[in-house]
>>> print(open('input-v1.cif').read())   # mmCIF, C-alpha atoms; chains and numbers go by the auth columns
data_target
loop_
_atom_site.group_PDB
_atom_site.id
_atom_site.type_symbol
_atom_site.label_atom_id
_atom_site.label_comp_id
_atom_site.label_asym_id
_atom_site.label_seq_id
_atom_site.Cartn_x
_atom_site.Cartn_y
_atom_site.Cartn_z
_atom_site.B_iso_or_equiv
_atom_site.auth_seq_id
_atom_site.auth_asym_id
ATOM 1 C CA GLY A 1 0.000 0.000 0.000 0.00 618 A
ATOM 2 C CA GLY A 2 1.003 3.594 -0.454 0.00 619 A
ATOM 3 C CA GLY A 3 0.697 5.234 2.924 0.00 620 A
ATOM 4 C CA GLY A 4 2.581 8.222 4.139 0.00 621 A
ATOM 5 C CA GLY A 5 5.952 7.801 2.512 0.00 622 A
ATOM 6 C CA TYR A 6 8.704 7.545 5.071 0.00 623 A
ATOM 7 C CA VAL A 7 7.059 9.759 7.709 0.00 624 A
ATOM 8 C CA ASN A 8 6.218 6.898 10.038 0.00 625 A
ATOM 9 C CA GLN A 9 9.053 4.596 9.057 0.00 626 A
ATOM 10 C CA GLY A 10 11.853 3.552 11.345 0.00 627 A
ATOM 11 C CA GLY A 11 15.491 3.911 10.449 0.00 628 A
ATOM 12 C CA GLY A 12 15.705 0.518 8.780 0.00 629 A
ATOM 13 C CA GLY A 13 17.381 -0.095 5.437 0.00 630 A
ATOM 14 C CA GLY A 14 16.497 1.387 2.103 0.00 631 A
ATOM 15 C CA GLY A 15 13.510 -0.880 1.701 0.00 632 A
ATOM 16 C CA ALA A 16 11.666 0.961 4.438 0.00 633 A
ATOM 17 C CA ALA A 17 11.677 4.086 2.330 0.00 634 A
ATOM 18 C CA ARG A 18 10.124 2.537 -0.734 0.00 635 A
ATOM 19 C CA GLN A 19 6.716 4.033 -0.302 0.00 636 A
ATOM 20 C CA TYR A 20 4.957 6.726 -2.231 0.00 637 A
ATOM 21 C CA ASN A 21 2.792 9.497 -0.929 0.00 638 A
ATOM 22 C CA ASN A 22 -0.811 9.499 -2.047 0.00 639 A
ATOM 23 C CA HIS A 23 -0.399 12.195 -4.662 0.00 640 A
ATOM 24 C CA GLN A 24 2.182 10.168 -6.589 0.00 641 A
ATOM 25 C CA ASN A 25 -0.373 9.443 -9.304 0.00 642 A
ATOM 26 C CA ASN A 26 -0.176 12.970 -10.668 0.00 643 A
ATOM 27 C CA GLY A 27 -0.381 13.063 -14.416 0.00 644 A
ATOM 28 C CA GLY A 28 -0.702 9.376 -15.199 0.00 645 A
ATOM 29 C CA GLY A 29 2.060 7.787 -17.233 0.00 646 A
ATOM 30 C CA GLY A 30 4.213 10.732 -18.158 0.00 647 A
ATOM 31 C CA GLY A 31 3.375 13.443 -15.642 0.00 648 A
ATOM 32 C CA GLY A 32 5.605 13.842 -12.666 0.00 649 A
ATOM 33 C CA LEU A 33 8.646 12.276 -14.320 0.00 650 A
ATOM 34 C CA GLY A 34 10.418 15.615 -14.012 0.00 651 A
ATOM 35 C CA ASN A 35 9.813 15.574 -10.254 0.00 652 A
ATOM 36 C CA ARG A 36 12.303 12.788 -9.625 0.00 653 A
ATOM 37 C CA VAL A 37 16.089 12.855 -9.583 0.00 654 A
ATOM 38 C CA PHE A 38 18.739 10.139 -9.587 0.00 655 A
ATOM 39 C CA VAL A 39 21.586 10.737 -7.121 0.00 656 A
ATOM 40 C CA GLY A 40 24.940 9.026 -7.606 0.00 657 A
ATOM 41 C CA ASN A 41 28.357 8.699 -5.931 0.00 658 A
ATOM 42 C CA LEU A 42 26.753 8.274 -2.503 0.00 659 A
ATOM 43 C CA SER A 43 28.955 7.176 0.352 0.00 660 A
ATOM 44 C CA TRP A 44 28.136 3.586 1.339 0.00 661 A
ATOM 45 C CA ASN A 45 27.011 4.748 4.792 0.00 662 A
ATOM 46 C CA VAL A 46 24.405 7.253 3.535 0.00 663 A
ATOM 47 C CA SER A 47 20.898 6.171 4.565 0.00 664 A
ATOM 48 C CA TRP A 48 17.693 7.261 2.865 0.00 665 A
ATOM 49 C CA GLN A 49 17.112 9.548 5.852 0.00 666 A
ATOM 50 C CA ASP A 50 20.520 11.187 5.327 0.00 667 A
ATOM 51 C CA LEU A 51 19.740 11.646 1.654 0.00 668 A
ATOM 52 C CA LYS A 52 16.304 13.083 2.355 0.00 669 A
ATOM 53 C CA ASP A 53 17.718 15.557 4.877 0.00 670 A
ATOM 54 C CA HIS A 54 20.399 16.679 2.424 0.00 671 A
ATOM 55 C CA MET A 55 17.928 17.180 -0.419 0.00 672 A
ATOM 56 C CA ARG A 56 15.298 19.062 1.583 0.00 673 A
ATOM 57 C CA SER A 57 17.063 22.365 0.979 0.00 674 A
ATOM 58 C CA ALA A 58 15.836 22.189 -2.635 0.00 675 A
ATOM 59 C CA GLY A 59 12.183 21.525 -1.841 0.00 676 A
ATOM 60 C CA ASN A 60 9.575 19.201 -0.367 0.00 677 A
ATOM 61 C CA VAL A 61 10.754 15.576 -0.619 0.00 678 A
ATOM 62 C CA VAL A 62 7.823 13.183 -1.105 0.00 679 A
ATOM 63 C CA TYR A 63 9.793 9.994 -1.805 0.00 680 A
ATOM 64 C CA CYS A 64 13.341 8.913 -1.032 0.00 681 A
ATOM 65 C CA ASP A 65 15.196 5.649 -1.490 0.00 682 A
ATOM 66 C CA VAL A 66 18.798 4.481 -1.341 0.00 683 A
ATOM 67 C CA MET A 67 19.191 1.464 -3.623 0.00 684 A
ATOM 68 C CA MET A 68 20.382 -1.676 -1.897 0.00 685 A
ATOM 69 C CA GLU A 69 21.953 -4.826 -3.293 0.00 686 A
ATOM 70 C CA ASP A 70 19.623 -7.791 -3.135 0.00 687 A
ATOM 71 C CA GLY A 71 20.504 -10.149 -0.333 0.00 688 A
ATOM 72 C CA THR A 72 23.373 -8.187 1.207 0.00 689 A
ATOM 73 C CA GLY A 73 21.581 -4.987 2.188 0.00 690 A
ATOM 74 C CA ARG A 74 24.655 -3.063 1.073 0.00 691 A
ATOM 75 C CA SER A 75 24.150 0.315 -0.534 0.00 692 A
ATOM 76 C CA LYS A 76 24.698 0.531 -4.281 0.00 693 A
ATOM 77 C CA GLY A 77 25.923 4.089 -3.859 0.00 694 A
ATOM 78 C CA CYS A 78 22.953 5.701 -5.567 0.00 695 A
ATOM 79 C CA GLY A 79 19.418 6.729 -4.773 0.00 696 A
ATOM 80 C CA ILE A 80 16.155 8.246 -5.976 0.00 697 A
ATOM 81 C CA VAL A 81 14.585 11.406 -4.607 0.00 698 A
ATOM 82 C CA GLU A 82 11.197 12.702 -5.674 0.00 699 A
ATOM 83 C CA PHE A 83 10.073 16.272 -5.047 0.00 700 A
ATOM 84 C CA GLU A 84 6.599 17.730 -5.006 0.00 701 A
ATOM 85 C CA THR A 85 7.249 19.761 -8.159 0.00 702 A
ATOM 86 C CA ALA A 86 9.514 19.620 -11.191 0.00 703 A
ATOM 87 C CA ALA A 87 10.859 23.053 -10.272 0.00 704 A
ATOM 88 C CA GLU A 88 12.118 21.681 -6.957 0.00 705 A
ATOM 89 C CA ALA A 89 13.779 18.754 -8.731 0.00 706 A
ATOM 90 C CA GLN A 90 15.532 21.180 -11.075 0.00 707 A
ATOM 91 C CA GLN A 91 16.552 23.256 -8.067 0.00 708 A
ATOM 92 C CA ALA A 92 18.183 20.149 -6.583 0.00 709 A
ATOM 93 C CA ILE A 93 20.098 19.501 -9.812 0.00 710 A
ATOM 94 C CA ASP A 94 21.208 23.140 -9.999 0.00 711 A
ATOM 95 C CA THR A 95 22.154 23.670 -6.355 0.00 712 A
ATOM 96 C CA LEU A 96 23.089 20.273 -4.889 0.00 713 A
ATOM 97 C CA THR A 97 25.137 18.641 -7.662 0.00 714 A
ATOM 98 C CA ASP A 98 28.760 18.360 -6.485 0.00 715 A
ATOM 99 C CA THR A 99 27.854 19.084 -2.865 0.00 716 A
ATOM 100 C CA ASP A 100 29.437 17.036 -0.091 0.00 717 A
ATOM 101 C CA LEU A 101 27.370 14.340 1.596 0.00 718 A
ATOM 102 C CA ASN A 102 29.213 12.233 4.172 0.00 719 A
ATOM 103 C CA GLY A 103 32.569 12.955 2.568 0.00 720 A
ATOM 104 C CA ARG A 104 31.716 12.412 -1.097 0.00 721 A
ATOM 105 C CA ASN A 105 30.596 14.848 -3.775 0.00 722 A
ATOM 106 C CA ILE A 106 27.265 13.638 -5.119 0.00 723 A
ATOM 107 C CA TRP A 107 25.992 14.083 -8.664 0.00 724 A
ATOM 108 C CA ILE A 108 22.336 14.524 -9.572 0.00 725 A
ATOM 109 C CA ARG A 109 20.404 14.114 -12.806 0.00 726 A
ATOM 110 C CA GLU A 110 16.767 13.779 -13.768 0.00 727 A
ATOM 111 C CA ASP A 111 15.435 10.266 -13.259 0.00 728 A
ATOM 112 C CA ARG A 112 13.549 9.241 -16.371 0.00 729 A
ATOM 113 C CA GLU A 113 11.560 6.417 -14.765 0.00 730 A
ATOM 114 C CA ASP A 114 12.321 3.700 -17.336 0.00 731 A
ATOM 115 C CA ARG A 115 15.305 2.507 -15.384 0.00 732 A
ATOM 116 C CA GLY A 116 15.190 -1.136 -16.392 0.00 733 A
ATOM 117 C CA PRO A 117 13.823 -4.079 -14.402 0.00 734 A
ATOM 118 C CA ASN A 118 14.578 -2.708 -10.940 0.00 735 A
ATOM 119 C CA ARG A 119 11.907 -0.031 -10.972 0.00 736 A
ATOM 120 C CA ALA A 120 10.000 -0.141 -14.255 0.00 737 A
ATOM 121 C CA SER A 121 7.238 -2.537 -13.234 0.00 738 A
ATOM 122 C CA ALA A 122 6.582 -0.866 -9.892 0.00 739 A
ATOM 123 C CA ALA A 123 6.663 2.527 -11.533 0.00 740 A
ATOM 124 C CA ALA A 124 4.166 1.465 -14.173 0.00 741 A
ATOM 125 C CA GLN A 125 1.782 0.290 -11.474 0.00 742 A
ATOM 126 C CA VAL A 126 2.118 3.441 -9.418 0.00 743 A
ATOM 127 C CA GLN A 127 1.946 5.770 -12.387 0.00 744 A
ATOM 128 C CA GLY A 128 -1.060 3.996 -13.877 0.00 745 A
ATOM 129 C CA GLY A 129 0.811 2.314 -16.699 0.00 746 A
ATOM 130 C CA GLY A 130 3.329 4.837 -17.969 0.00 747 A
ATOM 131 C CA GLY A 131 4.419 3.840 -21.458 0.00 748 A
ATOM 132 C CA ALA A 132 8.055 4.575 -20.761 0.00 749 A
ATOM 133 C CA ALA A 133 8.225 1.579 -18.464 0.00 750 A
ATOM 134 C CA VAL A 134 7.300 -0.918 -21.168 0.00 751 A
ATOM 135 C CA GLN A 135 9.511 0.213 -24.018 0.00 752 A
ATOM 136 C CA VAL A 136 11.803 -2.341 -25.579 0.00 753 A
ATOM 137 C CA ASN A 137 15.118 -1.765 -23.897 0.00 754 A
ATOM 138 C CA HIS A 138 17.744 -2.595 -26.488 0.00 755 A
ATOM 139 C CA LEU A 139 20.632 -1.985 -24.100 0.00 756 A
ATOM 140 C CA ALA A 140 19.118 -3.914 -21.205 0.00 757 A
ATOM 141 C CA GLY A 141 21.692 -6.249 -19.746 0.00 758 A
ATOM 142 C CA ARG A 142 24.482 -5.053 -22.053 0.00 759 A
ATOM 143 C CA GLN A 143 25.516 -1.751 -20.474 0.00 760 A
ATOM 144 C CA LEU A 144 27.306 -1.418 -17.160 0.00 761 A
ATOM 145 C CA TYR A 145 27.565 1.421 -14.673 0.00 762 A
ATOM 146 C CA VAL A 146 31.036 1.868 -13.164 0.00 763 A
ATOM 147 C CA GLY A 147 31.206 3.902 -9.975 0.00 764 A
ATOM 148 C CA ASN A 148 33.896 5.328 -7.690 0.00 765 A
ATOM 149 C CA LEU A 149 36.250 6.142 -10.571 0.00 766 A
ATOM 150 C CA SER A 150 39.331 8.213 -9.985 0.00 767 A
ATOM 151 C CA PHE A 151 38.904 11.678 -11.449 0.00 768 A
ATOM 152 C CA ASP A 152 42.061 10.917 -13.463 0.00 769 A
ATOM 153 C CA THR A 153 40.536 7.882 -15.209 0.00 770 A
ATOM 154 C CA THR A 154 39.793 8.496 -18.894 0.00 771 A
ATOM 155 C CA TRP A 155 37.394 6.614 -21.140 0.00 772 A
ATOM 156 C CA GLN A 156 40.414 4.903 -22.706 0.00 773 A
ATOM 157 C CA ASP A 157 41.645 3.751 -19.284 0.00 774 A
ATOM 158 C CA LEU A 158 38.148 2.467 -18.556 0.00 775 A
ATOM 159 C CA LYS A 159 37.936 0.636 -21.884 0.00 776 A
ATOM 160 C CA ASP A 160 41.348 -0.965 -21.395 0.00 777 A
ATOM 161 C CA HIS A 161 40.378 -2.176 -17.913 0.00 778 A
ATOM 162 C CA PHE A 162 37.143 -3.731 -19.191 0.00 779 A
ATOM 163 C CA ASN A 163 38.516 -5.373 -22.342 0.00 780 A
ATOM 164 C CA ILE A 164 38.709 -8.794 -20.732 0.00 781 A
ATOM 165 C CA GLU A 165 39.307 -12.026 -22.634 0.00 782 A
ATOM 166 C CA ASP A 166 36.633 -12.802 -25.256 0.00 783 A
ATOM 167 C CA CYS A 167 34.557 -9.810 -24.098 0.00 784 A
ATOM 168 C CA PRO A 168 35.511 -6.783 -26.229 0.00 785 A
ATOM 169 C CA VAL A 169 34.111 -3.427 -25.156 0.00 786 A
ATOM 170 C CA GLN A 170 31.816 -1.768 -27.710 0.00 787 A
ATOM 171 C CA ARG A 171 31.794 1.624 -26.032 0.00 788 A
ATOM 172 C CA ALA A 172 33.290 3.263 -22.941 0.00 789 A
ATOM 173 C CA GLU A 173 32.294 6.627 -21.558 0.00 790 A
ATOM 174 C CA VAL A 174 33.208 8.688 -18.480 0.00 791 A
ATOM 175 C CA GLY A 175 30.584 11.127 -17.198 0.00 792 A
ATOM 176 C CA GLN A 176 31.873 14.690 -17.422 0.00 793 A
ATOM 177 C CA HIS A 177 30.900 18.109 -16.172 0.00 794 A
ATOM 178 C CA PRO A 178 30.530 20.897 -18.756 0.00 795 A
ATOM 179 C CA ASP A 179 34.091 22.023 -17.964 0.00 796 A
ATOM 180 C CA GLY A 180 35.467 18.561 -18.766 0.00 797 A
ATOM 181 C CA ARG A 181 36.042 17.367 -15.211 0.00 798 A
ATOM 182 C CA SER A 182 35.154 13.759 -14.545 0.00 799 A
ATOM 183 C CA LYS A 183 32.038 13.020 -12.492 0.00 800 A
ATOM 184 C CA GLY A 184 33.676 9.905 -11.049 0.00 801 A
ATOM 185 C CA TRP A 185 31.514 7.373 -12.894 0.00 802 A
ATOM 186 C CA GLY A 186 31.294 5.827 -16.336 0.00 803 A
ATOM 187 C CA THR A 187 29.476 3.356 -18.548 0.00 804 A
ATOM 188 C CA ILE A 188 30.656 0.319 -20.486 0.00 805 A
ATOM 189 C CA ARG A 189 28.728 -1.345 -23.290 0.00 806 A
ATOM 190 C CA TYR A 190 29.191 -4.925 -24.476 0.00 807 A
ATOM 191 C CA ALA A 191 27.711 -6.881 -27.373 0.00 808 A
ATOM 192 C CA THR A 192 25.803 -9.337 -25.182 0.00 809 A
ATOM 193 C CA PRO A 193 24.458 -9.632 -21.621 0.00 810 A
ATOM 194 C CA ASP A 194 26.774 -12.621 -21.114 0.00 811 A
ATOM 195 C CA HIS A 195 29.798 -10.399 -21.707 0.00 812 A
ATOM 196 C CA ALA A 196 28.424 -7.791 -19.322 0.00 813 A
ATOM 197 C CA ASN A 197 27.805 -10.380 -16.604 0.00 814 A
ATOM 198 C CA ALA A 198 31.315 -11.758 -17.045 0.00 815 A
ATOM 199 C CA ALA A 199 32.700 -8.251 -16.543 0.00 816 A
ATOM 200 C CA ILE A 200 30.670 -7.786 -13.345 0.00 817 A
ATOM 201 C CA GLU A 201 31.948 -11.091 -11.966 0.00 818 A
ATOM 202 C CA ASN A 202 35.567 -10.365 -12.877 0.00 819 A
ATOM 203 C CA LEU A 203 35.885 -6.628 -12.310 0.00 820 A
ATOM 204 C CA ASN A 204 33.502 -5.522 -9.547 0.00 821 A
ATOM 205 C CA GLY A 205 35.673 -4.559 -6.573 0.00 822 A
ATOM 206 C CA THR A 206 38.891 -4.391 -8.600 0.00 823 A
ATOM 207 C CA GLU A 207 41.270 -1.446 -8.435 0.00 824 A
ATOM 208 C CA LEU A 208 41.586 1.098 -11.233 0.00 825 A
ATOM 209 C CA ASP A 209 43.889 4.112 -10.863 0.00 826 A
ATOM 210 C CA GLY A 210 44.013 3.619 -7.105 0.00 827 A
ATOM 211 C CA ARG A 211 40.250 3.388 -6.524 0.00 828 A
ATOM 212 C CA VAL A 212 38.180 0.250 -5.860 0.00 829 A
ATOM 213 C CA ILE A 213 35.473 0.425 -8.496 0.00 830 A
ATOM 214 C CA GLU A 214 31.841 -0.655 -8.323 0.00 831 A
ATOM 215 C CA VAL A 215 30.507 -2.468 -11.399 0.00 832 A
ATOM 216 C CA ARG A 216 26.820 -3.262 -11.971 0.00 833 A
ATOM 217 C CA LEU A 217 24.191 -3.224 -14.687 0.00 834 A
ATOM 218 C CA ASP A 218 23.315 0.285 -15.776 0.00 835 A
ATOM 219 C CA ASN A 219 19.645 0.708 -14.884 0.00 836 A
ATOM 220 C CA GLN A 220 19.598 4.040 -16.685 0.00 837 A
ATOM 221 C CA ALA A 221 20.404 2.468 -20.075 0.00 838 A
ATOM 222 C CA LEU A 222 17.636 3.191 -22.575 0.00 839 A
#
>>> encode(input="input-v1.cif", output="structure tokens")
Amino acid sequence: GGGGGYVNQGGGGGGAARQYNNHQNNGGGGGGLGNRVFVGNLSWNVSWQDLKDHMRSAGNVVYCDVMMEDGTGRSKGCGIVEFETAAEAQQAIDTLTDTDLNGRNIWIREDREDRGPNRASAAAQVQGGGGAAVQVNHLAGRQLYVGNLSFDTTWQDLKDHFNIEDCPVQRAEVGQHPDGRSKGWGTIRYATPDHANAAIENLNGTELDGRVIEVRLDNQAL
């Protein structure tokens, strides 16, 4: 059931936050998509409550969630925050990107809802069947998100690290600010989901340019 968001929730893990306020159904399938932002480069010890408190300076937070790994309860280092209005979400992107939260500079972008299997089905139910959640996802399972990159790591460094035996990289990209500075994360694309899964198994938790990287499927891949 929907209920009152996280207002009456205890401090338990991210799952406790996965509730929507009653007015979540605004606009049916497409409305309200601009209200939600995706927050990355979170410190592993940031809880949904920490994230909510940090984001409140931009507006009224109606939904907050730190994504957790299935089974382990360990943070994935990213989260979702939904504001009451799209203007507040934009305010968060404009004013809170690159701010410090528990020792790490977070990055924020609009969350476009069709984030792959993790959230698409639930989102379609809550939104009343938004079409974005049922699009054919031609990159599903083939593109990886790589987090905790050194700011010195280039796309070529990333590609070289991920070109493992029999699994050639199709494309490597490092997220950049408008001034060219790295955002500390990147994406890797393979030809098949099997190659992508092999890379996760072999490279998640490995060291690249002095940082232990996080490797997982890219739920933002469209």
>>> resolve_selection(input="input-v1.cif", expression="the PyMOL selection byres ((chain A and resi 827) around 10)", output="PyMOL selection string")
chain A and resi 766-767+769-770+823-826+828-830
>>> resolve_selection(input="input-v1.cif", expression="the PyMOL selection byres ((chain A and resi 819) around 12)", output="list in words")
His778, Phe779, Asn780, Ile781, Glu782, Cys784, His812, Ala813, Asn814, Ala815, Ala816, Ile817, Glu818, Leu820, Asn821, Gly822, Thr823, Glu824, Ile830, Glu831, Val832 and Arg833 of chain A
>>> resolve_selection(input="input-v1.cif", expression="the PyMOL selection byres ((chain A and resi 698) around 8)", output="list in words")
Arg653, Val654, Phe655, Val656, Lys669, Met672, Val678, Val679, Tyr680, Cys681, Asp682, Gly696, Ile697, Glu699 and Phe700 of chain A
>>> residues_around(input="input-v1.cif", residues="Val791 (chain A)", least_positions_apart="2", cutoff="7 Å", atoms="only C-alpha atoms", output="ChimeraX atom specification")
/A:771-772,793,799,802-804
>>> residues_around(input="input-v1.cif", residues="region 703-715 of chain A", least_positions_apart="6", cutoff="10 Å", atoms="only C-alpha atoms", output="ChimeraX atom specification")
/A:648-658,671-678,721-728,794,800
>>> write_last_selection(input="input-v1.cif", atoms="C-alpha atoms", output="PDB file, in the frame of the given file")
ATOM      1  CA  GLY A 648       3.375  13.443 -15.642  1.00  0.00           C
ATOM      2  CA  GLY A 649       5.605  13.842 -12.666  1.00  0.00           C
ATOM      3  CA  LEU A 650       8.646  12.276 -14.320  1.00  0.00           C
ATOM      4  CA  GLY A 651      10.418  15.615 -14.012  1.00  0.00           C
ATOM      5  CA  ASN A 652       9.813  15.574 -10.254  1.00  0.00           C
ATOM      6  CA  ARG A 653      12.303  12.788  -9.625  1.00  0.00           C
ATOM      7  CA  VAL A 654      16.089  12.855  -9.583  1.00  0.00           C
ATOM      8  CA  PHE A 655      18.739  10.139  -9.587  1.00  0.00           C
ATOM      9  CA  VAL A 656      21.586  10.737  -7.121  1.00  0.00           C
ATOM     10  CA  GLY A 657      24.940   9.026  -7.606  1.00  0.00           C
ATOM     11  CA  ASN A 658      28.357   8.699  -5.931  1.00  0.00           C
ATOM     12  CA  HIS A 671      20.399  16.679   2.424  1.00  0.00           C
ATOM     13  CA  MET A 672      17.928  17.180  -0.419  1.00  0.00           C
ATOM     14  CA  ARG A 673      15.298  19.062   1.583  1.00  0.00           C
ATOM     15  CA  SER A 674      17.063  22.365   0.979  1.00  0.00           C
ATOM     16  CA  ALA A 675      15.836  22.189  -2.635  1.00  0.00           C
ATOM     17  CA  GLY A 676      12.183  21.525  -1.841  1.00  0.00           C
ATOM     18  CA  ASN A 677       9.575  19.201  -0.367  1.00  0.00           C
ATOM     19  CA  VAL A 678      10.754  15.576  -0.619  1.00  0.00           C
ATOM     20  CA  ARG A 721      31.716  12.412  -1.097  1.00  0.00           C
ATOM     21  CA  ASN A 722      30.596  14.848  -3.775  1.00  0.00           C
ATOM     22  CA  ILE A 723      27.265  13.638  -5.119  1.00  0.00           C
ATOM     23  CA  TRP A 724      25.992  14.083  -8.664  1.00  0.00           C
ATOM     24  CA  ILE A 725      22.336  14.524  -9.572  1.00  0.00           C
ATOM     25  CA  ARG A 726      20.404  14.114 -12.806  1.00  0.00           C
ATOM     26  CA  GLU A 727      16.767  13.779 -13.768  1.00  0.00           C
ATOM     27  CA  ASP A 728      15.435  10.266 -13.259  1.00  0.00           C
ATOM     28  CA  HIS A 794      30.900  18.109 -16.172  1.00  0.00           C
ATOM     29  CA  LYS A 800      32.038  13.020 -12.492  1.00  0.00           C
TER      30      LYS A 800
END
>>> closest_residue(input="input-v1.cif", among="A:Gly801, A:Pro810, A:Gly690, A:Pro785", to="Asp835 (chain A)", atoms="all atoms listed in the file")
A:Pro810
>>> atom_distance(input="input-v1.cif", atom1="CA of Thr689 (chain A)", atom2="CA of Trp665 (chain A)")
16.5 Å
>>> atom_distance(input="input-v1.cif", atom1="CA of Leu761 (chain A)", atom2="CA of Gln666 (chain A)")
27.5 Å
>>> atom_distance(input="input-v1.cif", atom1="CA of Gln760 (chain A)", atom2="CA of Leu834 (chain A)")
6.1 Å
>>> axis_aligned_box(input="input-v1.cif", around="region 774-785 of chain A", padding_each_side="4 Å", output="lines of an AutoDock Vina configuration file")
center_x = 38.1
center_y = -4.5
center_z = -22.1
size_x = 15.1
size_y = 24.6
size_z = 16.3
